[in-house]
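Since the structure comes first, as structure tokens, the remarks are kept for the end.
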Amino acid sequence: MIPFAVDVPLDDSGGYVFAAYSVFVVLVLIYVAIIGRKISRTEREVSELSEIAEKRGL
Amino acid sequence: MTRAAAAILRKDLLIEVRTKQSVPAMALFSVTAFVLFHFGLDRDRLDGELASGVLWVTLLLATVLAVNRLFAHEREQGGLDGLLLAPIDRTAVFVAKAVALYLYLVLLELVAIPAYAILLLGPSPVDQLPALIAVLALANLGLATVGALVAALAAEARARDLLVPLLLLPLLTPVLIAAARATEPLFAVHPETGELGKWAGVLGLYDLVFVLLSVAVFDFLLED
Amino acid sequence: MLYGKRLAPLAFTAAALFALALGLIFFYAPLDADQGFMQKIFYLHVPMAIVALCGFVAGAIMAIQHLRTGLRQWDVRSYVAIHLSIILGLGVLVTGSIWARASWGHWWLWDEPMLVSFLIIFLLYCCYQPLRFSIEDPERQGRYASVFAITAGAFVPVNFIAVRLAEQYTHPRVLSETGGNLPGEMRLTFLVSLVAMASLFVTLWKVELTSKNASDQLRKLRRRLEGAEAGADDEGPEPPIADPEPVGAMR
């Protein structure tokens with residue numbers, strides 16, 4: 001059916017491999033989310049500071 | 001530097017002799033631990049790996065007690081500033097504390113090992129005493145060095161009583177592994193030296209790495 | 001200094017390497033004779049472990065630089081490297097556990113030196129952030145953290161040796177890992193996976209440094225703007241890297 005050189009055993013072992021790789025992907029994505037939150041906080045501060053600067057007439 | 005270290009060491013030992021804080025606590029803890037192990041493991045006599053493991057885990061935990069108290073006087077009586085203002089090498093403080101801790105461990109073992117032999121140990125350790133003493137000497141060096149380092153590291157932190165065991169125990173795991181494996185055949189039903197050389201080598205490596213490291217790095221602690 | 005400059009090409013390279021690695025893992029590397037499909041986890045677990053260990057050692061080296069030069073930027077770099085390696089270390093433990101379960105039916109194996117060493121190292125480095133958080137003075141925090149990083153970095157190899165020796169004669173090596181006896185295709189796949197993982201690490205490291213740097217500069221800018229209002233002229237002290245009271249927590 002699938003013309004590739006591997007046959008994916010969809011029994012237990014396939015499940016475990018999938019679990020392991022998913023753990024990895026999820027960890028990376030969680031990390032991205034944490035950095036993303038930090039960046040959005042930075043963004044907010046930038047806009048606050050531009051407001052202050054504007055008020056100052058800079 | 002040696003004179004400064006000796007002076008600090010003498011002060012620490014004097015305090016210990018007068019207040020009797022660390023060593024009696026360590027000894028009491030060890031004997032209590034042996035009792036706990038008797039009940040926890042439900043055994044009257046231990047030998048081989050079990051005997052080895054129980055002894056070394058107990059010694060390690062007793063070290064944690066001592067490390068917690070190592071800078072206690074300086075913190076409580078404010079002596080730390082005095083030490084820092086003095087025109088001495090910080091390393092002298094490290095050497096003094098490490099040697100003090102080493103001595104406490106030796107005193108502890110003078111009590112704990114016989115207690116262990118009486119309470120829990122099956123085979124008599126007397127035949128293999130030189131080997132046992134060699135292992136203890138090497139292991140104590142590792143315990144004392146890393147103990148003094150961690151004591152200084154945690155000295156300025158809040159919640160230092162929690163931090164000390166959490167930092168110290170993983171760092172001391174190689175000492176536990178090597179020392180326990182080394183004494184395993186000594187405590188066997190038919191005592192023999194076993195692979196003493198190999199494990200003594202590991203202990204020696206650990207000691208070397210951490211003595212060098214601590215001496216290099218200690219100046220950066222306790223600085224202000 | 002700007003960390004974000006060559007970030008995009010770096011990230012794209014890492015992505016390409018990963019795509020290549022995944023392709024090789026699933027379509028090129030042959031199936032292992034004993035373990036079958038489960039062995040594929042090896043291409044994930046071992047590179048993670050190696051990169052995490054290198055990350056810890058790199059963190060230690062950066063910490064040495066920090067103590068030698070006193071420059072805060074080395075401290076930040078060290079912090080991020082260690083912090084990333086801790087996350088990778090968690091991944092190593094979880095994937096290793098899954099592999100153990102898949103191959104041997106147990107969720108944990110004491111005779112796997114890599115796994116056991118990692119557990120000890122992970123437990124140790126878990127104290128890194130609490131240690132930082134519990135010291136308020138920023139300069140001291142950096143110094144003590146660097147001492148810890150160096151100590152722990154020196155500990156890593158000693159620990160490995162001790163654990164390896166401890167299991168050597170009691171149990172044979174159960175799971176074959178990086179062996180010199182990997183057939184050619186597997187070895188190539190493994191190397192590509194390793195490089196992909198390493199480039200991922202460097203990319204994430206730069207990303208976090210960029211983000212941290214930006215928010216630090218912002219804080220300084222804010223202080224200058226607010227200070228200019230009050231007529232003061234100084235920039236104020238550098239904030240600590242692990243902030244016991246993070247700016248913006250109130251909002």
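Here's how to read the names in the structure tokens: chain A, B, ... by the order shown, residue numbers from 1 in each chain, ligand numbers from 1 in the order shown.
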Find the residues in chain C near chain B: any atom within 9 Å counts, using only C-alpha atoms. Write them as a tab-separated table (two decimals) with C-alpha atoms, in the first residue's frame.
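Below is the file part04.tsv, written as the result:
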chain	number	residue	atom	x	y	z
C	67	LEU	CA	33.68	34.45	36.82
C	120	ILE	CA	21.18	11.91	39.27
C	121	ILE	CA	22.28	14.80	37.08
C	122	PHE	CA	18.71	15.92	36.58
C	123	LEU	CA	18.07	15.87	40.32
C	124	LEU	CA	21.17	17.96	40.84
C	125	TYR	CA	20.41	20.57	38.20
C	126	CYS	CA	16.85	20.88	39.45
C	127	CYS	CA	18.43	22.82	42.31
C	128	TYR	CA	19.96	25.36	39.94
C	130	PRO	CA	15.83	27.34	43.25
C	131	LEU	CA	19.37	28.35	44.20
C	132	ARG	CA	19.21	31.35	41.90
C	133	PHE	CA	15.76	32.37	43.07
C	134	SER	CA	16.75	32.25	46.68
C	135	ILE	CA	19.60	34.76	46.35
C	136	GLU	CA	18.31	38.24	45.87
C	140	ARG	CA	25.91	37.50	44.09
C	143	ARG	CA	28.43	34.44	41.00
C	144	TYR	CA	26.95	31.64	43.08
C	145	ALA	CA	25.07	30.27	40.11
C	147	VAL	CA	30.07	28.32	40.93
C	148	PHE	CA	27.24	25.83	40.96
C	150	ILE	CA	31.06	24.77	37.25
C	151	THR	CA	30.76	22.27	40.10
C	152	ALA	CA	27.89	20.46	38.45
C	154	ALA	CA	32.73	18.86	36.63
C	155	PHE	CA	30.41	16.41	38.34
C	158	VAL	CA	32.76	11.81	37.29
C	159	ASN	CA	29.18	10.70	37.83
C	160	PHE	CA	29.08	8.89	34.52
C	161	ILE	CA	32.25	7.01	35.28
C	162	ALA	CA	31.02	5.96	38.70
C	163	VAL	CA	27.60	4.81	37.49
C	165	LEU	CA	31.52	1.14	36.65
C	166	ALA	CA	28.85	0.29	39.18
(request) Per DSSP on the backbone, filter region 16-224 of chain B down to the residues in helix (DSSP H, G or I) and report them as a VMD selection string. (result) chain B and resid 16 to 19 22 to 41 48 to 70 72 to 77 79 to 85 90 to 119 129 to 155 160 to 183 196 to 220
(message) Give me, as a list in words, all polymer residues having an atom no more than 10 Å from Leu61 (chain B), counting only C-alpha atoms and skipping those fewer than 4 positions away in the same chain.
(response) Met26, Phe29, Ser30, Ala33, Trp56, Val57, Leu65, Ala66, Val67, Pro165, Leu168 and Leu169 of chain B
Listing only residues of chain C within 6 Å of chain A, what is the closest atom pair and its distance in Å (to one decimal) for each, using only C-alpha atoms, sorted by chain and residue number ascending, as a Markdown table?
| residue | atom | partner | partner_atom | distance |
| --- | --- | --- | --- | --- |
| C:Phe27 | CA | A:Ala5 | CA | 5.7 |
| C:Met38 | CA | A:Ser13 | CA | 5.3 |
| C:Ile41 | CA | A:Val17 | CA | 5.7 |
| C:Thr95 | CA | A:Ala20 | CA | 5.1 |
| C:Ser215 | CA | A:Thr42 | CA | 5.7 |
(request) Would you work out the distance separating CA of Thr13 (chain C) from CA of Gln65 (chain C), expressed in Å to one decimal? (result)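 Those two atoms sit 28.2 Å apart.
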(message) If we count only C-alpha atoms and set the cut-off at 9 Å, which residues sit around Cys54 (chain C), ignoring sequence neighbours fewer than 5 positions away in its own chain? Please answer as number ranges by chain.
(response) C: 49, 59, 85
(message) Would you pick out the contacts of Ser146 (chain C) at 9 Å or less, using only C-alpha atoms, so that residues sharing its chain but fewer than 5 positions from it are not included, and give the list as a list in words?
(response)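 In the requested form, the answer reads Gly59, Ala60, Met62, Ala63, Ile64, His66, Leu67, Asp75, Ser78, Tyr79, Gln141 and Thr151 of chain C.
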(request) Determine, counting only C-alpha atoms, which protein, DNA and RNA residues have an atom within 8 Å of an atom of Met197 (chain C); residues of the same chain fewer than 3 positions away are not included. Present the result as a list in words. (result) Ala14, Phe18, Pro47, Met48, Val51, Ser193, Leu194, Leu200 and Phe201 of chain C
(request) Have a look at CA of Tyr102 (chain B) and CA of Leu50 (chain B) and let me know their distance in Å, one decimal. (result)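 Going from CA of Tyr102 (chain B) over to CA of Leu50 (chain B) covers 25.3 Å.
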Determine, counting only C-alpha atoms, which protein, DNA and RNA residues have an atom within 10 Å of an atom of Leu55 (chain B); residues of the same chain fewer than 6 positions away are not included. Present the result as an mmCIF file with C-alpha atoms, in the first residue's frame.
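Produced file result-v8.cif, reproduced below:
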data_model
loop_
_atom_site.group_PDB
_atom_site.id
_atom_site.type_symbol
_atom_site.label_atom_id
_atom_site.label_comp_id
_atom_site.auth_asym_id
_atom_site.auth_seq_id
_atom_site.Cartn_x
_atom_site.Cartn_y
_atom_site.Cartn_z
ATOM 1 C CA SER B 30 23.578 7.413 62.836
ATOM 2 C CA ALA B 33 19.232 5.381 61.625
ATOM 3 C CA PHE B 34 20.594 1.913 62.334
ATOM 4 C CA PHE B 37 16.907 0.257 59.319
ATOM 5 C CA GLU B 49 25.687 -5.291 49.800
ATOM 6 C CA ALA B 112 29.269 4.796 64.305
ATOM 7 C CA ILE B 113 31.322 1.932 62.925
ATOM 8 C CA TYR B 116 27.132 -0.620 63.438
ATOM 9 C CA LEU B 120 23.518 -4.635 62.591
ATOM 10 C CA LEU B 121 26.632 -5.935 60.972
ATOM 11 C CA LEU B 176 28.220 6.523 47.753
ATOM 12 C CA ALA B 179 32.435 3.492 48.782
ATOM 13 C CA ALA B 180 29.492 1.102 49.010
ATOM 14 C CA THR B 183 33.034 -2.131 51.284
#
